[in-house]
Each structure stands twice: as structure tokens, then as C-alpha cells.
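Peer 1: Hey, dropping structure-v1.pdb in here, PDB, C-alpha atoms, pLDDT in the B column:
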MODEL        1
ATOM      1  CA  MET A  17      15.968  -4.309 -31.743  1.00 79.00           C
ATOM      2  CA  ALA A  18      14.320  -3.248 -28.470  1.00 82.00           C
ATOM      3  CA  HIS A  19      13.400  -5.794 -25.818  1.00 87.00           C
ATOM      4  CA  ILE A  20      10.395  -5.296 -23.544  1.00 88.00           C
ATOM      5  CA  LYS A  21      10.410  -6.443 -19.923  1.00 87.00           C
ATOM      6  CA  THR A  22       7.778  -5.785 -17.240  1.00 90.00           C
ATOM      7  CA  VAL A  23       9.318  -5.076 -13.852  1.00 91.00           C
ATOM      8  CA  GLU A  24       7.667  -4.197 -10.551  1.00 93.00           C
ATOM      9  CA  ALA A  25       9.387  -1.386  -8.676  1.00 93.00           C
ATOM     10  CA  VAL A  26       8.982   0.840  -5.647  1.00 92.00           C
ATOM     11  CA  TYR A  27       9.224   4.617  -5.938  1.00 90.00           C
ATOM     12  CA  GLU A  28      11.365   5.952  -3.076  1.00 90.00           C
ATOM     13  CA  SER A  29      12.957   9.379  -2.695  1.00 92.00           C
ATOM     14  CA  GLY A  30      12.452  10.177  -6.377  1.00 92.00           C
ATOM     15  CA  ILE A  31      14.008   6.902  -7.617  1.00 92.00           C
ATOM     16  CA  PHE A  32      12.382   3.746  -9.011  1.00 92.00           C
ATOM     17  CA  ARG A  33      13.887   0.670  -7.308  1.00 93.00           C
ATOM     18  CA  PRO A  34      13.183  -2.673  -9.037  1.00 93.00           C
ATOM     19  CA  LEU A  35      11.864  -5.410  -6.741  1.00 93.00           C
ATOM     20  CA  GLN A  36      13.921  -8.107  -8.459  1.00 92.00           C
ATOM     21  CA  THR A  37      17.324  -8.389 -10.096  1.00 90.00           C
ATOM     22  CA  LEU A  38      17.250  -7.361 -13.745  1.00 89.00           C
ATOM     23  CA  GLN A  39      18.919  -9.825 -16.095  1.00 88.00           C
ATOM     24  CA  GLY A  40      20.304  -8.698 -19.451  1.00 88.00           C
ATOM     25  CA  ILE A  41      20.412  -4.980 -18.665  1.00 90.00           C
ATOM     26  CA  ALA A  42      23.889  -3.554 -18.196  1.00 92.00           C
ATOM     27  CA  GLU A  43      24.639  -0.966 -15.487  1.00 91.00           C
ATOM     28  CA  ASN A  44      24.036   2.608 -16.650  1.00 92.00           C
ATOM     29  CA  SER A  45      21.934   1.440 -19.610  1.00 91.00           C
ATOM     30  CA  LYS A  46      19.420   3.963 -20.840  1.00 92.00           C
ATOM     31  CA  VAL A  47      15.890   2.521 -20.595  1.00 90.00           C
ATOM     32  CA  ARG A  48      12.380   3.735 -21.387  1.00 91.00           C
ATOM     33  CA  VAL A  49       9.881   3.457 -18.534  1.00 89.00           C
ATOM     34  CA  MET A  50       6.079   3.275 -18.783  1.00 90.00           C
ATOM     35  CA  ILE A  51       4.436   3.736 -15.380  1.00 91.00           C
ATOM     36  CA  GLU A  52       1.236   2.004 -14.272  1.00 90.00           C
ATOM     37  CA  TYR A  53       0.210   2.654 -10.679  1.00 87.00           C
ATOM     38  CA  GLU A  54      -2.633   2.561  -8.213  1.00 81.00           C
ATOM     39  CA  PRO A  55      -3.312   6.038  -6.814  1.00 78.00           C
ATOM     40  CA  VAL A  56      -2.768   6.377  -3.068  1.00 75.00           C
ATOM     41  CA  SER A  57      -5.935   7.475  -1.335  1.00 69.00           C
ATOM     42  CA  SER A  58      -5.764  10.415   1.030  1.00 70.00           C
ATOM     43  CA  GLU A  59      -8.429   8.584   3.024  1.00 72.00           C
ATOM     44  CA  PRO A  60      -7.106   5.014   3.447  1.00 67.00           C
ATOM     45  CA  PHE A  61     -10.178   3.717   5.293  1.00 70.00           C
ATOM     46  CA  LYS A  62     -12.457   4.458   2.315  1.00 72.00           C
ATOM     47  CA  GLN A  63     -11.353   1.130   0.827  1.00 70.00           C
ATOM     48  CA  PHE A  64     -13.400  -0.581   3.551  1.00 73.00           C
ATOM     49  CA  ALA A  65     -16.606   1.384   2.920  1.00 76.00           C
ATOM     50  CA  GLY A  66     -19.568  -0.881   2.287  1.00 80.00           C
ATOM     51  CA  ILE A  67     -17.834  -4.075   3.422  1.00 84.00           C
ATOM     52  CA  LEU A  68     -19.630  -4.288   6.760  1.00 82.00           C
ATOM     53  CA  SER A  69     -23.368  -4.167   7.247  1.00 86.00           C
ATOM     54  CA  ASN A  70     -24.711  -1.526   9.645  1.00 85.00           C
ATOM     55  CA  GLU A  71     -25.191  -4.223  12.297  1.00 88.00           C
ATOM     56  CA  GLU A  72     -21.625  -5.492  11.888  1.00 87.00           C
ATOM     57  CA  ALA A  73     -20.231  -1.947  12.031  1.00 83.00           C
ATOM     58  CA  GLU A  74     -22.214  -1.225  15.221  1.00 86.00           C
ATOM     59  CA  ALA A  75     -20.985  -4.470  16.824  1.00 89.00           C
ATOM     60  CA  LEU A  76     -17.393  -3.642  15.869  1.00 85.00           C
ATOM     61  CA  GLN A  77     -17.750  -0.113  17.268  1.00 84.00           C
ATOM     62  CA  ALA A  78     -19.176  -1.505  20.537  1.00 87.00           C
ATOM     63  CA  THR A  79     -16.236  -3.926  20.836  1.00 88.00           C
ATOM     64  CA  ILE A  80     -13.703  -1.157  20.196  1.00 83.00           C
ATOM     65  CA  ASN A  81     -15.386   1.109  22.751  1.00 83.00           C
ATOM     66  CA  ALA A  82     -15.467  -1.678  25.366  1.00 84.00           C
ATOM     67  CA  GLU A  83     -11.785  -2.500  24.831  1.00 82.00           C
ATOM     68  CA  PHE A  84     -10.657   1.130  25.057  1.00 78.00           C
ATOM     69  CA  GLU A  85     -12.548   1.535  28.316  1.00 73.00           C
ATOM     70  CA  THR A  86     -10.428  -1.263  29.832  1.00 69.00           C
ATOM     71  CA  VAL A  87      -7.085   0.380  28.993  1.00 63.00           C
ATOM     72  CA  ASP A  88      -5.242   1.668  32.068  1.00 69.00           C
ATOM     73  CA  LEU A  89      -3.836   4.982  30.867  1.00 66.00           C
ATOM     74  CA  ASN A  90      -1.596   5.132  33.952  1.00 73.00           C
ATOM     75  CA  GLY A  91      -0.014   1.841  32.920  1.00 68.00           C
ATOM     76  CA  TRP A  92       1.505   3.247  29.761  1.00 58.00           C
TER      77      TRP A  92
ENDMDL
END
Translate this structure into C-alpha cells?
Peer 2:
Amino acid sequence: MAHIKTVEAVYESGIFRPLQTLQGIAENSKVRVMIEYEPVSSEPFKQFAGILSNEEAEALQATINAEFETVDLNGW
């Protein structure tokens, strides 16, 4: 009889690496994997679209601009 276990894993270099130790599964056991994932956006900042009002975005932009103007590029 098959047992079902949900395991979170990271996909690295073509290999799924579980994020926790798996109990009850022997080394080299054959398993069946169903993959559920969140697509990675090619534009990571899109997730923040619509969070700030226009006024908040303008204030944030002004702060960023003011801070970058105070950086001494010769000090790096």
C-alpha cells in the first residue's frame, strides 16, 4: 500500500533537496513526485505594483534621489 507524504524541497542544480529529514523512506527508494510551485517572475518588482499610492511612490523616489546625491563616489 502506498503512503503519501507532503514534503517541501528546493530545486538546485537539477536535483530536488528536501528541506527536512524524511522519516520512513529508505535510501535509494523509488518515489513518485508531484510538483506544485510558484512561478519565478522575470520582473521581481512587479509583485509590489499597486501597493503604494502615487503620493507614497513619489515620496519614496524623492528620498532615494536625496540619499544617492549624498553618496561620495570617491569614498568607495
Peer 1: Suppose you want the space between atom CA of Met17 of chain A and atom CA of Pro34 of chain A; what is it in Å?
Peer 2: 22.9 Å
Peer 1: Neighbouring residues of segment 40-51 of chain A were defined as those with any atom within 12 Å, considering only C-alpha atoms; residues of the same chain fewer than 5 positions away were excluded. Please report them as number ranges by chain.
Peer 2: A: 18-27, 32, 34
Peer 1: Do you have the atom CA of Ser29 of chain A-atom CA of Val56 of chain A distance handy?
Peer 2: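 Atom-to-atom, atom CA of Ser29 of chain A and atom CA of Val56 of chain A are spaced 16.0 Å apart.
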Peer 1: To one decimal place in Å, what is the distance between atom CA of Leu76 of chain A and atom CA of Pro55 of chain A?
Peer 2: 28.4 Å
